[in-house]
Structure formats: structure tokens, C-alpha cells
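Colleague: Enclosed is the structure file my_file_1.cif (mmCIF, C-alpha atoms, pLDDT in the B column; chains and numbers go by the auth columns).
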data_protein
loop_
_atom_site.group_PDB
_atom_site.id
_atom_site.type_symbol
_atom_site.label_atom_id
_atom_site.label_comp_id
_atom_site.label_asym_id
_atom_site.label_seq_id
_atom_site.Cartn_x
_atom_site.Cartn_y
_atom_site.Cartn_z
_atom_site.B_iso_or_equiv
_atom_site.auth_seq_id
_atom_site.auth_asym_id
ATOM 1 C CA MET A 1 106.496 102.806 82.739 47.00 6 A
ATOM 2 C CA SER A 2 103.543 101.407 84.666 51.00 7 A
ATOM 3 C CA GLY A 3 103.788 98.538 87.112 49.00 8 A
ATOM 4 C CA LEU A 4 101.780 96.296 84.827 49.00 9 A
ATOM 5 C CA GLU A 5 104.071 96.993 81.867 48.00 10 A
ATOM 6 C CA MET A 6 107.147 96.298 83.977 39.00 11 A
ATOM 7 C CA ARG A 7 105.768 92.951 85.061 44.00 12 A
ATOM 8 C CA GLU A 8 105.051 92.062 81.431 43.00 13 A
ATOM 9 C CA GLU A 9 108.675 92.582 80.471 42.00 14 A
ATOM 10 C CA GLY A 10 109.627 90.273 83.303 42.00 15 A
ATOM 11 C CA GLY A 11 107.373 87.551 81.934 45.00 16 A
ATOM 12 C CA GLY A 12 104.870 87.702 84.812 49.00 17 A
ATOM 13 C CA PRO A 13 101.257 86.517 84.636 50.00 18 A
ATOM 14 C CA ALA A 14 100.038 90.008 83.673 57.00 19 A
ATOM 15 C CA GLU A 15 101.217 89.366 80.106 67.00 20 A
ATOM 16 C CA ARG A 16 98.189 87.097 79.665 74.00 21 A
ATOM 17 C CA LEU A 17 96.064 90.209 79.154 86.00 22 A
ATOM 18 C CA MET A 18 97.811 90.654 75.812 89.00 23 A
ATOM 19 C CA GLN A 19 97.089 87.096 74.696 89.00 24 A
ATOM 20 C CA ASP A 20 93.322 87.509 74.197 91.00 25 A
ATOM 21 C CA ASP A 21 91.272 90.177 72.470 94.00 26 A
ATOM 22 C CA ARG A 22 88.104 88.893 74.146 96.00 27 A
ATOM 23 C CA LEU A 23 87.406 87.680 77.693 96.00 28 A
ATOM 24 C CA VAL A 24 84.293 86.295 79.376 96.00 29 A
ATOM 25 C CA VAL A 25 83.598 87.053 83.042 96.00 30 A
ATOM 26 C CA LYS A 26 81.236 84.812 85.011 94.00 31 A
ATOM 27 C CA GLN A 27 80.129 85.565 88.541 91.00 32 A
ATOM 28 C CA ARG A 28 79.899 82.584 90.852 85.00 33 A
ATOM 29 C CA PRO A 29 76.473 82.335 92.584 76.00 34 A
ATOM 30 C CA ARG A 30 76.948 82.577 96.345 64.00 35 A
ATOM 31 C CA GLY A 31 74.272 82.683 99.063 58.00 36 A
ATOM 32 C CA ALA A 32 71.432 83.431 96.664 55.00 37 A
ATOM 33 C CA CYS A 33 68.718 82.580 99.205 56.00 38 A
ATOM 34 C CA MET A 34 70.136 84.877 101.862 55.00 39 A
ATOM 35 C CA GLU A 35 70.663 87.703 99.374 56.00 40 A
ATOM 36 C CA TYR A 36 67.151 87.336 97.998 54.00 41 A
ATOM 37 C CA CYS A 37 65.346 87.006 101.339 57.00 42 A
ATOM 38 C CA CYS A 38 67.454 89.251 103.585 57.00 43 A
ATOM 39 C CA GLY A 39 69.098 91.653 101.168 57.00 44 A
ATOM 40 C CA CYS A 40 72.522 90.795 102.638 63.00 45 A
ATOM 41 C CA GLU A 41 75.241 90.545 100.006 69.00 46 A
ATOM 42 C CA TYR A 42 78.041 87.997 99.995 80.00 47 A
ATOM 43 C CA GLU A 43 81.516 88.878 98.803 89.00 48 A
ATOM 44 C CA ASN A 44 81.530 88.392 95.050 91.00 49 A
ATOM 45 C CA GLU A 45 83.730 85.934 93.223 94.00 50 A
ATOM 46 C CA TYR A 46 84.277 85.811 89.481 96.00 51 A
ATOM 47 C CA ARG A 47 86.040 83.593 86.985 96.00 52 A
ATOM 48 C CA VAL A 48 87.576 85.089 83.857 96.00 53 A
ATOM 49 C CA PHE A 49 87.802 82.915 80.727 95.00 54 A
ATOM 50 C CA ASP A 50 89.280 83.357 77.285 93.00 55 A
ATOM 51 C CA SER A 51 87.235 82.871 74.113 90.00 56 A
ATOM 52 C CA HIS A 52 88.022 79.121 74.157 92.00 57 A
ATOM 53 C CA GLY A 53 86.629 78.614 77.652 93.00 58 A
ATOM 54 C CA THR A 54 89.987 78.336 79.427 93.00 59 A
ATOM 55 C CA GLN A 55 90.029 79.991 82.841 94.00 60 A
ATOM 56 C CA LYS A 56 92.641 82.758 82.991 92.00 61 A
ATOM 57 C CA TYR A 57 91.925 84.512 86.289 94.00 62 A
ATOM 58 C CA LEU A 58 90.051 84.242 89.553 96.00 63 A
ATOM 59 C CA ALA A 59 88.748 87.573 90.906 96.00 64 A
ATOM 60 C CA ARG A 60 87.679 87.834 94.559 96.00 65 A
ATOM 61 C CA GLU A 61 86.076 90.721 96.388 96.00 66 A
ATOM 62 C CA HIS A 62 87.230 91.747 99.863 94.00 67 A
ATOM 63 C CA SER A 63 84.825 93.975 101.819 93.00 68 A
ATOM 64 C CA SER A 64 83.381 94.269 105.303 88.00 69 A
ATOM 65 C CA CYS A 65 80.097 92.640 106.286 87.00 70 A
ATOM 66 C CA CYS A 66 78.842 95.980 107.606 88.00 71 A
ATOM 67 C CA CYS A 67 79.623 97.716 104.325 86.00 72 A
ATOM 68 C CA ARG A 68 77.858 95.038 102.288 84.00 73 A
ATOM 69 C CA ALA A 69 74.790 95.162 104.555 82.00 74 A
ATOM 70 C CA CYS A 70 74.508 98.941 104.757 87.00 75 A
ATOM 71 C CA CYS A 71 75.826 100.111 101.392 87.00 76 A
ATOM 72 C CA GLY A 72 74.835 97.262 99.077 82.00 77 A
ATOM 73 C CA ALA A 73 75.967 97.798 95.493 84.00 78 A
ATOM 74 C CA TYR A 74 77.634 101.117 96.434 88.00 79 A
ATOM 75 C CA ARG A 75 79.982 99.504 98.945 92.00 80 A
ATOM 76 C CA ALA A 76 83.721 99.995 99.122 94.00 81 A
ATOM 77 C CA PHE A 77 85.838 96.945 98.285 96.00 82 A
ATOM 78 C CA ASP A 78 89.167 95.620 97.055 96.00 83 A
ATOM 79 C CA MET A 79 89.207 92.923 94.403 97.00 84 A
ATOM 80 C CA ASP A 80 92.295 90.866 93.626 96.00 85 A
ATOM 81 C CA PHE A 81 92.978 88.890 90.450 95.00 86 A
ATOM 82 C CA SER A 82 95.122 85.763 90.461 93.00 87 A
ATOM 83 C CA THR A 83 95.699 82.849 88.132 88.00 88 A
ATOM 84 C CA HIS A 84 94.350 80.400 90.773 84.00 89 A
ATOM 85 C CA PRO A 85 93.265 80.556 94.457 84.00 90 A
ATOM 86 C CA ASP A 86 96.842 80.454 95.790 83.00 91 A
ATOM 87 C CA GLY A 87 98.452 82.127 92.802 81.00 92 A
ATOM 88 C CA GLU A 88 100.340 85.387 92.449 83.00 93 A
ATOM 89 C CA GLU A 89 98.255 88.568 92.356 88.00 94 A
ATOM 90 C CA VAL A 90 98.074 89.883 88.805 90.00 95 A
ATOM 91 C CA MET A 91 96.126 93.082 89.453 93.00 96 A
ATOM 92 C CA ARG A 92 93.861 94.658 92.034 96.00 97 A
ATOM 93 C CA LEU A 93 90.822 96.941 91.980 97.00 98 A
ATOM 94 C CA ASP A 94 90.164 99.481 94.735 98.00 99 A
ATOM 95 C CA ARG A 95 86.723 101.057 94.914 97.00 100 A
ATOM 96 C CA PRO A 96 85.952 103.633 97.633 95.00 101 A
ATOM 97 C CA TYR A 97 82.423 104.173 98.893 94.00 102 A
ATOM 98 C CA ARG A 98 80.557 106.909 97.047 89.00 103 A
ATOM 99 C CA CYS A 99 76.804 107.388 96.986 86.00 104 A
ATOM 100 C CA CYS A 100 76.997 108.759 93.436 88.00 105 A
ATOM 101 C CA LEU A 101 79.473 108.993 90.542 93.00 106 A
ATOM 102 C CA SER A 102 81.546 105.982 91.541 95.00 107 A
ATOM 103 C CA THR A 103 85.264 105.670 90.912 97.00 108 A
ATOM 104 C CA MET A 104 87.697 102.766 90.890 98.00 109 A
ATOM 105 C CA ASP A 105 91.505 102.567 90.875 97.00 110 A
ATOM 106 C CA VAL A 106 93.480 99.794 89.183 96.00 111 A
ATOM 107 C CA PHE A 107 96.778 98.579 90.677 94.00 112 A
ATOM 108 C CA SER A 108 99.518 96.170 89.701 86.00 113 A
ATOM 109 C CA GLY A 109 102.746 95.502 91.524 79.00 114 A
ATOM 110 C CA GLY A 110 101.740 98.000 94.208 82.00 115 A
ATOM 111 C CA GLN A 111 101.498 100.806 91.647 89.00 116 A
ATOM 112 C CA ARG A 112 98.387 102.590 90.445 93.00 117 A
ATOM 113 C CA THR A 113 98.173 102.002 86.695 92.00 118 A
ATOM 114 C CA GLY A 114 94.797 103.564 85.872 96.00 119 A
ATOM 115 C CA SER A 115 91.311 104.473 87.030 98.00 120 A
ATOM 116 C CA VAL A 116 87.642 104.308 86.052 98.00 121 A
ATOM 117 C CA GLU A 117 85.109 107.093 86.662 98.00 122 A
ATOM 118 C CA GLN A 118 81.347 107.167 86.307 96.00 123 A
ATOM 119 C CA ARG A 119 80.035 110.240 84.514 96.00 124 A
ATOM 120 C CA CYS A 120 76.940 112.307 85.341 92.00 125 A
ATOM 121 C CA THR A 121 74.409 111.744 82.550 88.00 126 A
ATOM 122 C CA CYS A 122 70.649 111.992 82.225 84.00 127 A
ATOM 123 C CA CYS A 123 69.599 108.508 81.076 85.00 128 A
ATOM 124 C CA ILE A 124 72.485 106.719 79.390 91.00 129 A
ATOM 125 C CA PRO A 125 75.223 105.210 81.612 93.00 130 A
ATOM 126 C CA VAL A 126 78.735 106.418 80.794 96.00 131 A
ATOM 127 C CA LEU A 127 82.092 105.445 82.300 98.00 132 A
ATOM 128 C CA GLU A 128 85.540 106.697 81.329 98.00 133 A
ATOM 129 C CA THR A 129 88.950 105.089 81.824 98.00 134 A
ATOM 130 C CA PHE A 130 92.191 106.962 82.523 98.00 135 A
ATOM 131 C CA ASP A 131 95.887 106.137 82.665 96.00 136 A
ATOM 132 C CA HIS A 132 98.052 106.667 85.755 95.00 137 A
ATOM 133 C CA ASN A 133 98.515 110.351 84.803 96.00 138 A
ATOM 134 C CA HIS A 134 94.724 110.805 84.548 96.00 139 A
ATOM 135 C CA HIS A 135 94.780 111.130 80.776 97.00 140 A
ATOM 136 C CA MET A 136 91.578 109.732 79.329 98.00 141 A
ATOM 137 C CA ASP A 137 91.911 106.541 77.285 98.00 142 A
ATOM 138 C CA TYR A 138 88.396 105.255 76.573 98.00 143 A
ATOM 139 C CA ARG A 139 84.710 105.907 77.146 98.00 144 A
ATOM 140 C CA ALA A 140 82.150 103.108 77.670 97.00 145 A
ATOM 141 C CA THR A 141 78.629 104.194 76.766 96.00 146 A
ATOM 142 C CA GLY A 142 75.625 102.017 77.563 93.00 147 A
ATOM 143 C CA GLU A 143 72.024 102.026 76.494 88.00 148 A
ATOM 144 C CA CYS A 144 69.018 103.729 78.030 82.00 149 A
ATOM 145 C CA CYS A 145 67.703 100.515 79.617 73.00 150 A
ATOM 146 C CA THR A 146 70.138 98.606 81.824 63.00 151 A
ATOM 147 C CA CYS A 147 68.142 95.381 81.651 65.00 152 A
ATOM 148 C CA TYR A 148 69.178 91.740 81.434 61.00 153 A
ATOM 149 C CA SER A 149 71.274 92.223 78.295 67.00 154 A
ATOM 150 C CA GLN A 150 73.045 95.396 77.254 87.00 155 A
ATOM 151 C CA THR A 151 76.090 96.505 75.307 93.00 156 A
ATOM 152 C CA PHE A 152 78.453 99.253 76.415 96.00 157 A
ATOM 153 C CA THR A 153 80.242 100.623 73.358 97.00 158 A
ATOM 154 C CA VAL A 154 83.904 101.495 73.946 98.00 159 A
ATOM 155 C CA THR A 155 85.198 104.531 72.037 98.00 160 A
ATOM 156 C CA ASP A 156 88.606 106.211 72.006 97.00 161 A
ATOM 157 C CA THR A 157 89.320 109.920 72.475 96.00 162 A
ATOM 158 C CA SER A 158 88.471 110.594 68.817 97.00 163 A
ATOM 159 C CA GLY A 159 85.031 109.005 69.224 96.00 164 A
ATOM 160 C CA SER A 160 85.828 105.931 67.125 97.00 165 A
ATOM 161 C CA LYS A 161 84.307 102.618 68.215 97.00 166 A
ATOM 162 C CA VAL A 162 87.156 100.335 69.266 98.00 167 A
ATOM 163 C CA GLY A 163 85.614 97.698 71.562 97.00 168 A
ATOM 164 C CA LYS A 164 82.661 96.754 73.725 97.00 169 A
ATOM 165 C CA VAL A 165 81.548 95.414 77.091 97.00 170 A
ATOM 166 C CA LYS A 166 78.428 93.277 76.965 95.00 171 A
ATOM 167 C CA LYS A 167 76.142 92.032 79.708 92.00 172 A
ATOM 168 C CA ASN A 168 75.091 88.583 78.493 85.00 173 A
ATOM 169 C CA TRP A 169 71.838 86.784 79.209 74.00 174 A
ATOM 170 C CA SER A 170 72.566 84.203 81.937 63.00 175 A
ATOM 171 C CA GLY A 171 69.341 82.224 81.785 58.00 176 A
ATOM 172 C CA LEU A 172 65.942 82.842 83.355 54.00 177 A
ATOM 173 C CA LYS A 173 66.681 81.269 86.744 53.00 178 A
ATOM 174 C CA LYS A 174 69.922 83.137 87.307 56.00 179 A
ATOM 175 C CA GLU A 175 68.557 86.446 86.067 53.00 180 A
ATOM 176 C CA LEU A 176 65.453 86.327 88.250 54.00 181 A
ATOM 177 C CA PHE A 177 66.811 84.879 91.476 52.00 182 A
ATOM 178 C CA THR A 178 70.516 85.773 91.638 52.00 183 A
ATOM 179 C CA ASP A 179 72.866 88.579 90.700 57.00 184 A
ATOM 180 C CA ALA A 180 75.366 86.096 89.235 69.00 185 A
ATOM 181 C CA ASP A 181 75.964 87.864 85.945 83.00 186 A
ATOM 182 C CA THR A 182 77.949 87.014 82.835 92.00 187 A
ATOM 183 C CA PHE A 183 79.848 89.620 80.826 95.00 188 A
ATOM 184 C CA SER A 184 82.102 89.656 77.805 96.00 189 A
ATOM 185 C CA ILE A 185 84.660 92.270 76.831 97.00 190 A
ATOM 186 C CA HIS A 186 86.268 92.954 73.458 97.00 191 A
ATOM 187 C CA PHE A 187 89.494 94.919 73.912 97.00 192 A
ATOM 188 C CA PRO A 188 90.662 97.599 71.477 97.00 193 A
ATOM 189 C CA ASP A 189 93.372 96.289 69.170 94.00 194 A
ATOM 190 C CA GLN A 190 95.842 99.014 70.173 93.00 195 A
ATOM 191 C CA ALA A 191 95.266 98.734 73.940 95.00 196 A
ATOM 192 C CA ASP A 192 98.335 97.753 75.952 93.00 197 A
ATOM 193 C CA ALA A 193 98.169 95.662 79.129 91.00 198 A
ATOM 194 C CA SER A 194 97.569 98.653 81.428 92.00 199 A
ATOM 195 C CA LYS A 195 94.692 99.942 79.316 95.00 200 A
ATOM 196 C CA ARG A 196 93.185 96.465 79.076 95.00 201 A
ATOM 197 C CA ALA A 197 93.402 96.074 82.850 94.00 202 A
ATOM 198 C CA THR A 198 91.588 99.390 83.335 96.00 203 A
ATOM 199 C CA LEU A 199 88.874 98.419 80.856 97.00 204 A
ATOM 200 C CA LEU A 200 88.486 95.130 82.695 96.00 205 A
ATOM 201 C CA GLY A 201 88.053 97.179 85.869 96.00 206 A
ATOM 202 C CA ALA A 202 85.326 99.174 84.098 97.00 207 A
ATOM 203 C CA LEU A 203 83.472 95.920 83.433 97.00 208 A
ATOM 204 C CA PHE A 204 83.371 95.154 87.152 96.00 209 A
ATOM 205 C CA LEU A 205 82.263 98.667 88.036 96.00 210 A
ATOM 206 C CA ILE A 206 79.441 98.312 85.475 95.00 211 A
ATOM 207 C CA ASP A 207 78.369 95.096 87.192 93.00 212 A
ATOM 208 C CA PHE A 208 78.244 96.707 90.624 92.00 213 A
ATOM 209 C CA LEU A 209 76.536 99.899 89.460 91.00 214 A
ATOM 210 C CA TYR A 210 73.797 98.409 87.301 88.00 215 A
ATOM 211 C CA TYR A 211 73.409 94.683 88.004 86.00 216 A
ATOM 212 C CA GLU A 212 74.511 93.926 91.565 81.00 217 A
ATOM 213 C CA ASP A 213 71.246 94.617 93.383 67.00 218 A
ATOM 214 C CA ASN A 214 68.804 91.677 93.290 49.00 219 A
ATOM 215 C CA GLN A 215 65.866 94.028 93.817 43.00 220 A
ATOM 216 C CA ASN A 216 66.862 96.068 90.762 44.00 221 A
ATOM 217 C CA ASN A 217 67.275 92.881 88.737 44.00 222 A
ATOM 218 C CA ASN A 218 63.782 91.824 89.636 42.00 223 A
#
Kindly present the structure from the file in C-alpha cells form.

Modeller:
Amino acid sequence: MSGLEMREEGGGPAERLMQDDRLVVKQRPRGACMEYCCGCEYENEYRVFDSHGTQKYLAREHSSCCCRACCGAYRAFDMDFSTHPDGEEVMRLDRPYRCCLSTMDVFSGGQRTGSVEQRCTCCIPVLETFDHNHHMDYRATGECCTCYSQTFTVTDTSGSKVGKVKKNWSGLKKELFTDADTFSIHFPDQADASKRATLLGALFLIDFLYYEDNQNNN
């Protein structure tokens, strides 16, 4: 049993992942002028909402200034999820630095519950999610153009479409002058909390890989 599943049985905040089939993730704009003029990234902060607009989680990046300045969107970071700024940690993402084919591990309760891996493809972006035993769960396949709005189709191991991750249009000002993006995710109906957490991690890796760099956005 994974750490996330164990915490669900205990009635912890992780059970909220099973309450919503769709979540919206909004990045908070921070230091847009410095990022645009100097190319120096701030630590990212996101708010996660349900389909009714109720905030469920706060996600905060933790990375070194040197790593953000030198590695940009490829930087290593940890990201913790909590119900509010001083709340209990629900889950955590751990992304090591890699110049290509990025990976990300998902943790809950100090235990690794899954991972996300970028695949080598010619034009179309592809990421795959795995459980804690490295058995593949889902594949997220994007479109040829990673522009201001794009849908990543989520398929299971049989190739059936079961969900999606969508980069939403955030408005002209935000799209042109910040990297404060908005995403939505539709979870597969049969996905348990661990699989949903890993798919949520895939959403954040998509943001960093394809939408984090202001220069790419512009």
C-alpha cells in the first residue's frame, strides 16, 4: 500500500484528490518585470481549485537561486502541496536537474508513490506516469505546437483515452508578459489517489518543460 493510500484510510487531507474529477491549477504571477528583463526566475507558486472555484491546495516550489538563474526551466526543485500556507503537507514533487528527458518523483508521507518521465519523441511531447514499482499507468500525449493553448490526451496502457491535461488561455497580458499559466486536468474515472497525484505531477512537469520560459512564450 502506498503512503498516499494509507493516509486516505486515516482520513488525511490526501483524500481530497478523490473528491474531484477535475482540477484547475493557476500559477501566481511573481516578479514578472525581473523575469522578463533579466531572465531570472522566481520560485513558482500555484493554487489548485476544484471545478466550483474552491481552493483545495497551495503548491510552492523550493529551489536555489543559482539553479533558477543558470538552469531556468530545467532546474531541479522540490514542490510541496498543502491545504493552506501553514497546513499539513499533502504531497511533494521532486525533480532532479536533467538537460533532456526530464523526470519527476511523487512523494506522500515520506514514501515515493509514483513518477513521471518525459519520452524521446520527434515533434509531439509525450510524458508517462508510473506507480511506485515503475509499472506504467498512463501516457500524456500533446500536440505538435506547444503554444498558448494545448491539450495533452491521457491514455491508459491499452491506448484508450481516459482523461486530459489542458493548458488554458490566460489572457493576452499574462500570456505575453508572464509565465503565469493556467491548466486544467480531468482525471481518469478509475484512477486512485496515488495515480491522480502522479498525473497532477505530470501537469507541473508539462508546465516547466513547455511553458516556463518567458522567451519561449514570446

Colleague: Could you tell me, as a short mmCIF file (atom, residue, chain, number, x, y, z; two decimals) with C-alpha atoms, in the frame of the given file, exactly which residues end up selected when the PyMOL selection byres ((chain A and resi 24) around 12) is applied to this structure?

Modeller:
data_model
loop_
_atom_site.label_atom_id
_atom_site.label_comp_id
_atom_site.auth_asym_id
_atom_site.auth_seq_id
_atom_site.Cartn_x
_atom_site.Cartn_y
_atom_site.Cartn_z
CA GLU A 13 105.05 92.06 81.43
CA PRO A 18 101.26 86.52 84.64
CA ALA A 19 100.04 90.01 83.67
CA GLU A 20 101.22 89.37 80.11
CA ARG A 21 98.19 87.10 79.67
CA LEU A 22 96.06 90.21 79.15
CA MET A 23 97.81 90.65 75.81
CA ASP A 25 93.32 87.51 74.20
CA ASP A 26 91.27 90.18 72.47
CA ARG A 27 88.10 88.89 74.15
CA LEU A 28 87.41 87.68 77.69
CA PHE A 54 87.80 82.92 80.73
CA ASP A 55 89.28 83.36 77.28
CA SER A 56 87.24 82.87 74.11
CA LYS A 61 92.64 82.76 82.99
CA PHE A 192 89.49 94.92 73.91
CA ASP A 194 93.37 96.29 69.17
CA ALA A 196 95.27 98.73 73.94
CA ASP A 197 98.34 97.75 75.95
CA ALA A 198 98.17 95.66 79.13
CA ARG A 201 93.18 96.46 79.08
#

Colleague: What is the distance, in Å and to one decimal place, between CA of Cys149 (chain A) and CA of Cys128 (chain A)?

Modeller: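 Separation of CA of Cys149 (chain A) and CA of Cys128 (chain A): 5.7 Å.
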
Colleague: In terms of the shortest atom-to-atom distance over all atoms listed in the file, which of A:Thr187, A:Ser199, A:Thr146, A:Thr158 is closest to Glu50 (chain A)?

Modeller: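 Using all atoms listed in the file, Glu50 (chain A) sits closest to A:Thr187.
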
Colleague: Given the PyMOL selection byres ((chain A and resi 126) around 12) and the file above, list the residues it selects as a list in words.

Modeller: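 For this structure, the PyMOL selection byres ((chain A and resi 126) around 12) captures Cys105, Leu106, Gln123, Arg124, Cys125, Cys127, Cys128, Ile129, Pro130, Val131, Leu132, Thr146, Gly147, Glu148 and Cys149 of chain A.
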
Colleague: Could you check the closest approach to Cys70 (chain A) for each of A:Phe213, A:His191, A:Tyr47, A:Asp91 and tell me which residue wins, using only C-alpha atoms?

Modeller: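 Once distances to Cys70 (chain A) are computed over only C-alpha atoms, the minimum belongs to A:Tyr47.
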